[in-house]
Amino acid sequence: MIFKLSEEHEMIRKMVRDFAKNEVEPTAAGRDEEQQFDRSIFDAMGELGLTGIPWPEEYGGIGSDYLAYCIAVEELSRVDASVGVMLSAHTSLAGWPVYKFGTEEQKQKYLRPMAQGEKLGAYGLTEPGSGSDASGMKTTARLEGDHYVLNGSKIFITNGGEAGIYIVFASTDSSLGAKGITAFIVESDFPGFSIGKKEDKMGIRSSPTTEIIFEDCKVPVENVLGNVGEGFKIAMMTLDGGRNGIAAQAVGIAQGALDAATNYAKERVQFGKPISTQQGIGFKLADMATNVEAARLLTYQAAYLESAGLPYGKESAMSKLFAGDTAMKVTTEAVQVFGGYGYTKEYPVERYMRDAKITQIYEGTQEIQRLVISRMLTK
Ligand code: CAA
C-alpha cells in the first residue's frame, strides 16, 4: 500500500501534467473529430523521456518504475485518452516483452529506439476469429532456413500503421494449441507486412486502430522473442502489466471528467444557487470522487507490486476491472451533471464518455478480468 508518492513520482506527475495541458489538450477535440494521430506528440514525449520511463538507462530509458509510468498514462489520459493509450501500448505491450524476454541484441536493436522515442511500438494478438479466446489464433509461422514465414492477419492493433515495431504472436505448431504459439518482433518494413483496414471508432479516435496483414512475411529467426512455443505465456504475462496501464488510462479519463463536472457544477446556477450546492449534484460528485480515488489506489498498488518484483497479475486484473467500470460510471455521471450541454461537443465530457467505453473492452474484457481473478483466487 502506498499513501504518499516519492519526490520523483511527484516530479514526473508535474512534468507530464504540464506537457498534457500545454501540448496535448489544446488539440485533443480536433484530433478526435478528425481521427488524426499526431506524431509530433510522440516525438515530444520521446524528448522528455516519457517513452522509456521504466527501462534502465542502458536501454535508452530513464530508469524509473511502473508507478511513474502509470502516473504518466493517467495524466495524459486526463486530457486525452488517445495519447494515454499510445504510451500504454508502446510501453507495456511492446517494450515490456522485449525487456523481459529479449536477448541483449534485441534489447539494443528494438527496446532502445522505442525507449528513446525513435520508434513507436505495437502488439498483435487479436484476430477476427480469436478475441477473448486468444490461443485460438490462425496466423501461422513456418520455419524456412534462416527465417520464419508468417501468414495471417491481426485486428484492433493500437498504434497500427504508425508503429515501426510490432510484437506478434503466431502458431509455429497448430497441433500443440497454446503451447505451439511463438512470439516474434516484426519491423514494419519487413517484406510481406502491410497495414489493412483502419477502424472508425466510437472513442479514442485519434489513436489509430488497424488490421495488420502478413502475406509470406519474412521474419529472421533472430527475431523470435523468447523460446519457440512460449509465445502464449509471453502474451499473457505482457497483458498482466498492460492491463494496469489501461487501469491508469481509465483513472485519468475518470479524473478528467470529474474535474470538468466539478468546475461546471460550481459555476452553473439553477434555482438561485450553484448546482454543486444542491444535494442531488453534490452527492453525485462525492460518489464520483470516491470511486476515482479507489480506482487510483488499486492501480498504484498493482504498479507498486510490479516495481517491487512481487506478483501483480491478479491485482492488475482487479485494477483494470474496477477502474474501467469507474471510468464508464464517472464519465456518464459527468455528462449528467452538465445536462444538455454535456451531450454536445462544446464540452469535453461526451468525449470522455466515448473514450471510457473501450477501457471495459480492450486488453481483456471485464468478463475476462473476472475469469483471470477468479482463477487466481481458486488455483
Ligand atoms: N502468466 C503466465 N502464464 C499464463 C498466464 C499468465 N498470466 N495466463 C495463462 N498462462 C499459461 C497457463 O498457465 C497455461 O500454461 P500451462 O498449460 O503450462 O499450465 C497456458 O498459459 C494456457 O493458459 P489457459 O489454459 O488459462 O488458457 P485459456 O485458453 O483458458 O485462456 C485467458 C486464458 C485468460 C482467457 C486468455 O485467453 C486471455 O487473457 N484472453 C483475453 C485476451 C486479451 O486480453 N486480448 C487483448 C489483446 S490486446 C488489445 O486489446 C489490443 C491493444 O492493442 C490494446
# chains A, B, ... in the order shown; residues from 1 in each chain; ligands from 1

call {"tool": "residues_near_ligand", "arguments": {"ligand": "ligand 1", "cutoff": "6 Å", "atoms": "only C-alpha atoms and all ligand atoms", "output": "PyMOL selection string"}}
result
chain A and resi 89+123+125-126+131-135+156-158+178+232-233+236-237+240+362-364+368+372

call {"tool": "select_by_dssp", "arguments": {"residues": "segment 161-252 of chain A", "states": "strand (DSSP E)", "output": "PyMOL selection string"}}
result
chain A and resi 165-171+181-187+193-198+209-220+224-225

call {"tool": "write_last_selection", "arguments": {"atoms": "N, CA and C atoms", "output": "CSV table (one decimal), in the first residue's frame"}}
result
chain,number,residue,atom,x,y,z
A,165,ILE,N,7.6,-1.1,-34.8
A,165,ILE,CA,8.0,-2.4,-34.3
A,165,ILE,C,6.7,-3.0,-33.7
A,166,TYR,N,6.4,-4.3,-34.1
A,166,TYR,CA,5.2,-5.0,-33.7
A,166,TYR,C,5.6,-6.3,-33.0
A,167,ILE,N,5.1,-6.5,-31.8
A,167,ILE,CA,5.3,-7.8,-31.2
A,167,ILE,C,4.1,-8.7,-31.6
A,168,VAL,N,4.4,-9.7,-32.3
A,168,VAL,CA,3.3,-10.5,-33.0
A,168,VAL,C,3.4,-12.0,-32.5
A,169,PHE,N,2.2,-12.6,-32.4
A,169,PHE,CA,2.1,-13.9,-31.9
A,169,PHE,C,1.5,-14.8,-33.1
A,170,ALA,N,2.2,-15.9,-33.3
A,170,ALA,CA,1.8,-16.8,-34.4
A,170,ALA,C,2.0,-18.2,-34.0
A,171,SER,N,1.2,-19.1,-34.7
A,171,SER,CA,1.3,-20.5,-34.4
A,171,SER,C,2.4,-21.2,-35.2
A,181,ILE,N,2.4,-21.7,-29.8
A,181,ILE,CA,2.5,-20.3,-30.2
A,181,ILE,C,3.8,-19.7,-29.9
A,182,THR,N,4.3,-18.9,-30.8
A,182,THR,CA,5.6,-18.2,-30.7
A,182,THR,C,5.5,-16.7,-30.9
A,183,ALA,N,6.3,-16.0,-30.1
A,183,ALA,CA,6.3,-14.5,-30.3
A,183,ALA,C,7.4,-14.1,-31.2
A,184,PHE,N,7.1,-13.0,-32.0
A,184,PHE,CA,8.1,-12.5,-33.0
A,184,PHE,C,8.2,-11.0,-32.9
A,185,ILE,N,9.4,-10.5,-33.2
A,185,ILE,CA,9.5,-9.0,-33.3
A,185,ILE,C,9.5,-8.7,-34.8
A,186,VAL,N,8.5,-8.0,-35.2
A,186,VAL,CA,8.3,-7.7,-36.7
A,186,VAL,C,8.5,-6.2,-36.9
A,187,GLU,N,9.4,-5.9,-37.9
A,187,GLU,CA,9.5,-4.5,-38.3
A,187,GLU,C,8.5,-4.2,-39.4
A,193,PHE,N,4.7,-7.6,-44.9
A,193,PHE,CA,4.0,-7.0,-43.9
A,193,PHE,C,3.2,-5.8,-44.4
A,194,SER,N,1.9,-5.7,-44.1
A,194,SER,CA,1.2,-4.5,-44.6
A,194,SER,C,0.1,-4.1,-43.6
A,195,ILE,N,-0.4,-2.9,-43.7
A,195,ILE,CA,-1.5,-2.4,-42.9
A,195,ILE,C,-2.8,-2.5,-43.6
A,196,GLY,N,-3.8,-3.1,-42.9
A,196,GLY,CA,-5.1,-3.3,-43.6
A,196,GLY,C,-6.1,-2.2,-43.1
A,197,LYS,N,-7.3,-2.6,-42.9
A,197,LYS,CA,-8.4,-1.6,-42.6
A,197,LYS,C,-8.1,-0.8,-41.3
A,198,LYS,N,-8.4,0.5,-41.4
A,198,LYS,CA,-8.3,1.3,-40.2
A,198,LYS,C,-9.7,1.5,-39.6
A,209,THR,N,-6.3,2.5,-34.9
A,209,THR,CA,-6.5,1.1,-34.6
A,209,THR,C,-6.7,0.4,-36.0
A,210,THR,N,-5.8,-0.5,-36.3
A,210,THR,CA,-5.8,-1.1,-37.7
A,210,THR,C,-5.6,-2.6,-37.6
A,211,GLU,N,-5.9,-3.1,-38.8
A,211,GLU,CA,-5.5,-4.5,-39.1
A,211,GLU,C,-4.1,-4.5,-39.5
A,212,ILE,N,-3.4,-5.6,-39.2
A,212,ILE,CA,-2.0,-5.8,-39.8
A,212,ILE,C,-2.0,-7.2,-40.5
A,213,ILE,N,-1.4,-7.2,-41.7
A,213,ILE,CA,-1.5,-8.4,-42.6
A,213,ILE,C,-0.2,-9.0,-42.8
A,214,PHE,N,-0.1,-10.3,-42.8
A,214,PHE,CA,1.2,-11.0,-43.1
A,214,PHE,C,0.9,-11.9,-44.3
A,215,GLU,N,1.6,-11.6,-45.4
A,215,GLU,CA,1.5,-12.4,-46.6
A,215,GLU,C,2.9,-12.9,-47.0
A,216,ASP,N,3.2,-14.1,-46.6
A,216,ASP,CA,4.5,-14.7,-46.7
A,216,ASP,C,5.6,-13.7,-46.2
A,217,CYS,N,5.2,-13.1,-45.0
A,217,CYS,CA,6.1,-12.1,-44.4
A,217,CYS,C,7.4,-12.8,-43.8
A,218,LYS,N,8.5,-12.4,-44.2
A,218,LYS,CA,9.8,-13.0,-43.8
A,218,LYS,C,10.3,-12.3,-42.6
A,219,VAL,N,10.4,-13.2,-41.5
A,219,VAL,CA,10.9,-12.7,-40.2
A,219,VAL,C,12.2,-13.5,-39.8
A,220,PRO,N,13.3,-12.8,-39.7
A,220,PRO,CA,14.6,-13.6,-39.4
A,220,PRO,C,14.4,-14.4,-38.1
A,224,VAL,N,12.8,-14.1,-33.2
A,224,VAL,CA,11.9,-14.9,-32.3
A,224,VAL,C,12.2,-14.3,-30.9
A,225,LEU,N,11.1,-14.0,-30.2
A,225,LEU,CA,11.2,-13.4,-28.9
A,225,LEU,C,10.9,-14.5,-27.9

call {"tool": "closest_residue", "arguments": {"among": "A:Gly60, A:Ala260, A:Asp325, A:His147", "to": "Lys109 of chain A", "atoms": "only C-alpha atoms"}}
result
A:Gly60

call {"tool": "select_by_dssp", "arguments": {"residues": "segment 140-326 of chain A", "states": "helix (DSSP H, G or I)", "output": "JSON, numbers by chain"}}
result
{"A": [174, 175, 176, 177, 178, 179, 180, 221, 222, 223, 231, 232, 233, 234, 235, 236, 237, 238, 239, 240, 241, 242, 243, 244, 245, 246, 247, 248, 249, 250, 251, 252, 253, 254, 255, 256, 257, 258, 259, 260, 261, 262, 263, 264, 265, 266, 267, 275, 276, 277, 279, 280, 281, 282, 283, 284, 285, 286, 287, 288, 289, 290, 291, 292, 293, 294, 295, 296, 297, 298, 299, 300, 301, 302, 303, 304, 305, 306, 307, 313, 314, 315, 316, 317, 318, 319, 320, 321, 322, 323, 324, 325, 326]}

call {"tool": "atom_distance", "arguments": {"atom1": "atom CA of Gly229 of chain A", "atom2": "atom CA of Arg142 of chain A"}}
result
12.7 Å

call {"tool": "atom_distance", "arguments": {"atom1": "atom CA of Ala115 of chain A", "atom2": "atom CA of Glu58 of chain A"}}
result
10.3 Å

call {"tool": "residues_around", "arguments": {"residues": "Gly226 of chain A", "least_positions_apart": "5", "cutoff": "9 Å", "atoms": "only C-alpha atoms", "output": "PyMOL selection string"}}
result
chain A and resi 97-98+100-103+182-184+231+234

call {"tool": "write_last_selection", "arguments": {"atoms": "N, CA and C atoms", "output": "PDB file, in the first residue's frame"}}
result
ATOM      1  N   PRO A  97       7.662  -6.847 -23.215  1.00  0.00           N
ATOM      2  CA  PRO A  97       8.100  -8.200 -23.585  1.00  0.00           C
ATOM      3  C   PRO A  97       9.536  -8.242 -24.122  1.00  0.00           C
ATOM      4  N   VAL A  98       9.978  -7.162 -24.772  1.00  0.00           N
ATOM      5  CA  VAL A  98      11.373  -7.140 -25.255  1.00  0.00           C
ATOM      6  C   VAL A  98      12.311  -7.024 -24.053  1.00  0.00           C
ATOM      7  N   LYS A 100      11.730  -8.046 -20.983  1.00  0.00           N
ATOM      8  CA  LYS A 100      11.698  -9.255 -20.158  1.00  0.00           C
ATOM      9  C   LYS A 100      12.240 -10.489 -20.865  1.00  0.00           C
ATOM     10  N   PHE A 101      11.970 -10.626 -22.156  1.00  0.00           N
ATOM     11  CA  PHE A 101      12.298 -11.870 -22.854  1.00  0.00           C
ATOM     12  C   PHE A 101      13.323 -11.698 -23.971  1.00  0.00           C
ATOM     13  N   GLY A 102      13.679 -10.450 -24.280  1.00  0.00           N
ATOM     14  CA  GLY A 102      14.592 -10.214 -25.395  1.00  0.00           C
ATOM     15  C   GLY A 102      16.036 -10.572 -25.063  1.00  0.00           C
ATOM     16  N   THR A 103      16.798 -10.902 -26.094  1.00  0.00           N
ATOM     17  CA  THR A 103      18.249 -11.083 -25.925  1.00  0.00           C
ATOM     18  C   THR A 103      18.874  -9.688 -25.802  1.00  0.00           C
ATOM     19  N   THR A 182       4.322 -18.858 -30.844  1.00  0.00           N
ATOM     20  CA  THR A 182       5.643 -18.240 -30.668  1.00  0.00           C
ATOM     21  C   THR A 182       5.518 -16.730 -30.871  1.00  0.00           C
ATOM     22  N   ALA A 183       6.326 -15.975 -30.127  1.00  0.00           N
ATOM     23  CA  ALA A 183       6.320 -14.503 -30.259  1.00  0.00           C
ATOM     24  C   ALA A 183       7.430 -14.060 -31.205  1.00  0.00           C
ATOM     25  N   PHE A 184       7.142 -13.040 -31.996  1.00  0.00           N
ATOM     26  CA  PHE A 184       8.111 -12.500 -32.962  1.00  0.00           C
ATOM     27  C   PHE A 184       8.177 -10.980 -32.852  1.00  0.00           C
ATOM     28  N   GLY A 231       5.207 -18.444 -26.738  1.00  0.00           N
ATOM     29  CA  GLY A 231       4.569 -17.174 -27.094  1.00  0.00           C
ATOM     30  C   GLY A 231       3.296 -16.875 -26.324  1.00  0.00           C
ATOM     31  N   ILE A 234       4.113 -15.566 -22.975  1.00  0.00           N
ATOM     32  CA  ILE A 234       4.639 -14.198 -23.119  1.00  0.00           C
ATOM     33  C   ILE A 234       3.479 -13.219 -23.345  1.00  0.00           C
TER      34      ILE A 234
END

call {"tool": "residues_around", "arguments": {"residues": "Ile204 of chain A", "least_positions_apart": "3", "cutoff": "12 Å", "atoms": "only C-alpha atoms", "output": "VMD selection string"}}
result
chain A and resid 28 to 29 31 to 37 77 79 to 86 158 to 159 199 to 201 207 to 209 249 to 250 253 350 to 359 362

call {"tool": "residues_around", "arguments": {"residues": "Leu258 of chain A", "least_positions_apart": "5", "cutoff": "10 Å", "atoms": "only C-alpha atoms", "output": "PyMOL selection string"}}
result
chain A and resi 78+252-253+263-264+285-286+288-289+292+327+330-331+333-335+337+349

call {"tool": "write_last_selection", "arguments": {"atoms": "C-alpha atoms", "output": "PDB file, in the first residue's frame"}}
result
ATOM      1  CA  ARG A  78      -6.840  13.117 -18.063  1.00  0.00           C
ATOM      2  CA  GLY A 252      -7.104   9.548 -15.938  1.00  0.00           C
ATOM      3  CA  ILE A 253     -10.300   9.648 -18.023  1.00  0.00           C
ATOM      4  CA  ASN A 263     -15.888  23.033 -12.156  1.00  0.00           C
ATOM      5  CA  TYR A 264     -19.124  23.227 -14.102  1.00  0.00           C
ATOM      6  CA  LEU A 285     -19.754  14.410  -7.229  1.00  0.00           C
ATOM      7  CA  ALA A 286     -18.920  12.786  -3.885  1.00  0.00           C
ATOM      8  CA  MET A 288     -17.640  10.007  -8.403  1.00  0.00           C
ATOM      9  CA  ALA A 289     -14.616  11.265  -6.427  1.00  0.00           C
ATOM     10  CA  VAL A 292     -11.877   7.605  -8.726  1.00  0.00           C
ATOM     11  CA  ALA A 327     -14.379   5.437 -15.876  1.00  0.00           C
ATOM     12  CA  VAL A 330     -17.991   8.614 -13.716  1.00  0.00           C
ATOM     13  CA  THR A 331     -17.989   9.886 -17.300  1.00  0.00           C
ATOM     14  CA  GLU A 333     -22.434  10.938 -14.472  1.00  0.00           C
ATOM     15  CA  ALA A 334     -20.273  13.841 -15.662  1.00  0.00           C
ATOM     16  CA  VAL A 335     -22.454  14.146 -18.774  1.00  0.00           C
ATOM     17  CA  VAL A 337     -24.052  16.931 -14.316  1.00  0.00           C
ATOM     18  CA  VAL A 349     -17.346  15.221 -21.216  1.00  0.00           C
TER      19      VAL A 349
END

call {"tool": "residues_around", "arguments": {"residues": "segment 268-276 of chain A", "least_positions_apart": "6", "cutoff": "10 Å", "atoms": "only C-alpha atoms", "output": "VMD selection string"}}
result
chain A and resid 261 to 262 282 to 285 337 to 338

call {"tool": "residues_around", "arguments": {"residues": "Glu23 of chain A", "least_positions_apart": "6", "cutoff": "12 Å", "atoms": "only C-alpha atoms", "output": "list in words"}}
result
Met15, Val16, Arg17, Asp38, Ser40, Ile41, Phe42, Asp43, Ala44, Met45, Leu76, Val79, Asp80 and Val83 of chain A

call {"tool": "closest_residue", "arguments": {"among": "A:Tyr312, A:Gly256, A:Lys179, A:Thr277", "to": "Ala20 of chain A", "atoms": "only C-alpha atoms"}}
result
A:Gly256

call {"tool": "atom_distance", "arguments": {"atom1": "atom CA of Lys119 of chain A", "atom2": "atom CA of Met137 of chain A"}}
result
26.9 Å

call {"tool": "decode", "arguments": {"residues": "segment 184-226 of chain A", "atoms": "N, CA and C atoms", "output": "PDB file, in the first residue's frame"}}
result
ATOM      1  N   PHE A 184       7.142 -13.040 -31.996  1.00  0.00           N
ATOM      2  CA  PHE A 184       8.111 -12.500 -32.962  1.00  0.00           C
ATOM      3  C   PHE A 184       8.177 -10.980 -32.852  1.00  0.00           C
ATOM      4  N   ILE A 185       9.359 -10.455 -33.158  1.00  0.00           N
ATOM      5  CA  ILE A 185       9.495  -8.996 -33.298  1.00  0.00           C
ATOM      6  C   ILE A 185       9.487  -8.701 -34.797  1.00  0.00           C
ATOM      7  N   VAL A 186       8.477  -7.964 -35.226  1.00  0.00           N
ATOM      8  CA  VAL A 186       8.321  -7.701 -36.660  1.00  0.00           C
ATOM      9  C   VAL A 186       8.498  -6.208 -36.918  1.00  0.00           C
ATOM     10  N   GLU A 187       9.362  -5.891 -37.872  1.00  0.00           N
ATOM     11  CA  GLU A 187       9.534  -4.484 -38.259  1.00  0.00           C
ATOM     12  C   GLU A 187       8.543  -4.164 -39.371  1.00  0.00           C
ATOM     13  N   SER A 188       8.076  -2.920 -39.376  1.00  0.00           N
ATOM     14  CA  SER A 188       7.027  -2.552 -40.331  1.00  0.00           C
ATOM     15  C   SER A 188       7.494  -2.626 -41.783  1.00  0.00           C
ATOM     16  N   ASP A 189       8.821  -2.611 -42.009  1.00  0.00           N
ATOM     17  CA  ASP A 189       9.255  -2.689 -43.415  1.00  0.00           C
ATOM     18  C   ASP A 189       9.732  -4.089 -43.812  1.00  0.00           C
ATOM     19  N   PHE A 190       9.422  -5.102 -43.008  1.00  0.00           N
ATOM     20  CA  PHE A 190       9.727  -6.475 -43.440  1.00  0.00           C
ATOM     21  C   PHE A 190       8.865  -6.807 -44.662  1.00  0.00           C
ATOM     22  N   PRO A 191       9.441  -7.519 -45.644  1.00  0.00           N
ATOM     23  CA  PRO A 191       8.639  -7.857 -46.833  1.00  0.00           C
ATOM     24  C   PRO A 191       7.451  -8.744 -46.442  1.00  0.00           C
ATOM     25  N   GLY A 192       6.285  -8.448 -46.997  1.00  0.00           N
ATOM     26  CA  GLY A 192       5.090  -9.253 -46.712  1.00  0.00           C
ATOM     27  C   GLY A 192       4.265  -8.720 -45.558  1.00  0.00           C
ATOM     28  N   PHE A 193       4.728  -7.614 -44.948  1.00  0.00           N
ATOM     29  CA  PHE A 193       3.956  -6.993 -43.863  1.00  0.00           C
ATOM     30  C   PHE A 193       3.208  -5.800 -44.425  1.00  0.00           C
ATOM     31  N   SER A 194       1.925  -5.684 -44.124  1.00  0.00           N
ATOM     32  CA  SER A 194       1.199  -4.484 -44.567  1.00  0.00           C
ATOM     33  C   SER A 194       0.090  -4.130 -43.577  1.00  0.00           C
ATOM     34  N   ILE A 195      -0.394  -2.922 -43.735  1.00  0.00           N
ATOM     35  CA  ILE A 195      -1.467  -2.417 -42.877  1.00  0.00           C
ATOM     36  C   ILE A 195      -2.780  -2.545 -43.624  1.00  0.00           C
ATOM     37  N   GLY A 196      -3.791  -3.112 -42.939  1.00  0.00           N
ATOM     38  CA  GLY A 196      -5.106  -3.267 -43.567  1.00  0.00           C
ATOM     39  C   GLY A 196      -6.060  -2.172 -43.125  1.00  0.00           C
ATOM     40  N   LYS A 197      -7.288  -2.577 -42.873  1.00  0.00           N
ATOM     41  CA  LYS A 197      -8.365  -1.629 -42.562  1.00  0.00           C
ATOM     42  C   LYS A 197      -8.079  -0.814 -41.296  1.00  0.00           C
ATOM     43  N   LYS A 198      -8.366   0.477 -41.379  1.00  0.00           N
ATOM     44  CA  LYS A 198      -8.294   1.316 -40.180  1.00  0.00           C
ATOM     45  C   LYS A 198      -9.715   1.452 -39.625  1.00  0.00           C
ATOM     46  N   GLU A 199      -9.879   1.201 -38.319  1.00  0.00           N
ATOM     47  CA  GLU A 199     -11.213   1.238 -37.723  1.00  0.00           C
ATOM     48  C   GLU A 199     -11.699   2.675 -37.520  1.00  0.00           C
ATOM     49  N   ASP A 200     -12.997   2.866 -37.731  1.00  0.00           N
ATOM     50  CA  ASP A 200     -13.669   4.140 -37.451  1.00  0.00           C
ATOM     51  C   ASP A 200     -14.386   3.934 -36.115  1.00  0.00           C
ATOM     52  N   LYS A 201     -13.836   4.498 -35.040  1.00  0.00           N
ATOM     53  CA  LYS A 201     -14.269   4.092 -33.701  1.00  0.00           C
ATOM     54  C   LYS A 201     -15.151   5.124 -32.986  1.00  0.00           C
ATOM     55  N   MET A 202     -15.848   4.609 -31.952  1.00  0.00           N
ATOM     56  CA  MET A 202     -16.670   5.454 -31.084  1.00  0.00           C
ATOM     57  C   MET A 202     -15.797   6.429 -30.285  1.00  0.00           C
ATOM     58  N   GLY A 203     -14.732   5.899 -29.705  1.00  0.00           N
ATOM     59  CA  GLY A 203     -13.857   6.723 -28.860  1.00  0.00           C
ATOM     60  C   GLY A 203     -12.398   6.522 -29.218  1.00  0.00           C
ATOM     61  N   ILE A 204     -11.520   7.050 -28.377  1.00  0.00           N
ATOM     62  CA  ILE A 204     -10.067   7.097 -28.632  1.00  0.00           C
ATOM     63  C   ILE A 204      -9.791   7.196 -30.147  1.00  0.00           C
ATOM     64  N   ARG A 205     -10.442   8.206 -30.729  1.00  0.00           N
ATOM     65  CA  ARG A 205     -10.452   8.291 -32.187  1.00  0.00           C
ATOM     66  C   ARG A 205      -9.137   8.778 -32.795  1.00  0.00           C
ATOM     67  N   SER A 206      -8.315   9.445 -31.997  1.00  0.00           N
ATOM     68  CA  SER A 206      -7.032   9.868 -32.583  1.00  0.00           C
ATOM     69  C   SER A 206      -5.928   8.845 -32.321  1.00  0.00           C
ATOM     70  N   SER A 207      -6.302   7.723 -31.709  1.00  0.00           N
ATOM     71  CA  SER A 207      -5.376   6.591 -31.602  1.00  0.00           C
ATOM     72  C   SER A 207      -5.697   5.638 -32.751  1.00  0.00           C
ATOM     73  N   PRO A 208      -4.736   5.428 -33.666  1.00  0.00           N
ATOM     74  CA  PRO A 208      -5.059   4.577 -34.818  1.00  0.00           C
ATOM     75  C   PRO A 208      -5.203   3.106 -34.423  1.00  0.00           C
ATOM     76  N   THR A 209      -6.272   2.474 -34.883  1.00  0.00           N
ATOM     77  CA  THR A 209      -6.530   1.055 -34.620  1.00  0.00           C
ATOM     78  C   THR A 209      -6.686   0.386 -35.975  1.00  0.00           C
ATOM     79  N   THR A 210      -5.766  -0.510 -36.309  1.00  0.00           N
ATOM     80  CA  THR A 210      -5.800  -1.073 -37.663  1.00  0.00           C
ATOM     81  C   THR A 210      -5.645  -2.593 -37.639  1.00  0.00           C
ATOM     82  N   GLU A 211      -5.874  -3.125 -38.825  1.00  0.00           N
ATOM     83  CA  GLU A 211      -5.544  -4.521 -39.089  1.00  0.00           C
ATOM     84  C   GLU A 211      -4.071  -4.547 -39.516  1.00  0.00           C
ATOM     85  N   ILE A 212      -3.357  -5.637 -39.201  1.00  0.00           N
ATOM     86  CA  ILE A 212      -2.033  -5.826 -39.796  1.00  0.00           C
ATOM     87  C   ILE A 212      -2.043  -7.172 -40.521  1.00  0.00           C
ATOM     88  N   ILE A 213      -1.421  -7.188 -41.680  1.00  0.00           N
ATOM     89  CA  ILE A 213      -1.541  -8.358 -42.560  1.00  0.00           C
ATOM     90  C   ILE A 213      -0.161  -8.962 -42.841  1.00  0.00           C
ATOM     91  N   PHE A 214      -0.094 -10.279 -42.808  1.00  0.00           N
ATOM     92  CA  PHE A 214       1.156 -10.997 -43.112  1.00  0.00           C
ATOM     93  C   PHE A 214       0.906 -11.887 -44.326  1.00  0.00           C
ATOM     94  N   GLU A 215       1.599 -11.564 -45.412  1.00  0.00           N
ATOM     95  CA  GLU A 215       1.483 -12.381 -46.625  1.00  0.00           C
ATOM     96  C   GLU A 215       2.883 -12.865 -46.966  1.00  0.00           C
ATOM     97  N   ASP A 216       3.180 -14.110 -46.585  1.00  0.00           N
ATOM     98  CA  ASP A 216       4.532 -14.650 -46.735  1.00  0.00           C
ATOM     99  C   ASP A 216       5.553 -13.659 -46.175  1.00  0.00           C
ATOM    100  N   CYS A 217       5.245 -13.150 -45.001  1.00  0.00           N
ATOM    101  CA  CYS A 217       6.112 -12.139 -44.371  1.00  0.00           C
ATOM    102  C   CYS A 217       7.359 -12.822 -43.799  1.00  0.00           C
ATOM    103  N   LYS A 218       8.520 -12.360 -44.242  1.00  0.00           N
ATOM    104  CA  LYS A 218       9.784 -12.995 -43.829  1.00  0.00           C
ATOM    105  C   LYS A 218      10.330 -12.337 -42.556  1.00  0.00           C
ATOM    106  N   VAL A 219      10.433 -13.164 -41.506  1.00  0.00           N
ATOM    107  CA  VAL A 219      10.935 -12.666 -40.222  1.00  0.00           C
ATOM    108  C   VAL A 219      12.178 -13.489 -39.848  1.00  0.00           C
ATOM    109  N   PRO A 220      13.348 -12.847 -39.710  1.00  0.00           N
ATOM    110  CA  PRO A 220      14.566 -13.608 -39.409  1.00  0.00           C
ATOM    111  C   PRO A 220      14.441 -14.396 -38.099  1.00  0.00           C
ATOM    112  N   VAL A 221      15.098 -15.572 -38.041  1.00  0.00           N
ATOM    113  CA  VAL A 221      14.995 -16.392 -36.814  1.00  0.00           C
ATOM    114  C   VAL A 221      15.475 -15.632 -35.580  1.00  0.00           C
ATOM    115  N   GLU A 222      16.410 -14.710 -35.775  1.00  0.00           N
ATOM    116  CA  GLU A 222      16.882 -13.965 -34.587  1.00  0.00           C
ATOM    117  C   GLU A 222      15.828 -13.015 -34.036  1.00  0.00           C
ATOM    118  N   ASN A 223      14.678 -12.906 -34.744  1.00  0.00           N
ATOM    119  CA  ASN A 223      13.588 -12.075 -34.231  1.00  0.00           C
ATOM    120  C   ASN A 223      12.536 -12.853 -33.465  1.00  0.00           C
ATOM    121  N   VAL A 224      12.813 -14.149 -33.215  1.00  0.00           N
ATOM    122  CA  VAL A 224      11.936 -14.889 -32.299  1.00  0.00           C
ATOM    123  C   VAL A 224      12.165 -14.285 -30.921  1.00  0.00           C
ATOM    124  N   LEU A 225      11.069 -13.964 -30.225  1.00  0.00           N
ATOM    125  CA  LEU A 225      11.177 -13.361 -28.887  1.00  0.00           C
ATOM    126  C   LEU A 225      10.910 -14.460 -27.851  1.00  0.00           C
ATOM    127  N   GLY A 226      11.883 -14.704 -26.987  1.00  0.00           N
ATOM    128  CA  GLY A 226      11.759 -15.816 -26.034  1.00  0.00           C
ATOM    129  C   GLY A 226      11.962 -17.127 -26.774  1.00  0.00           C
TER     130      GLY A 226
END
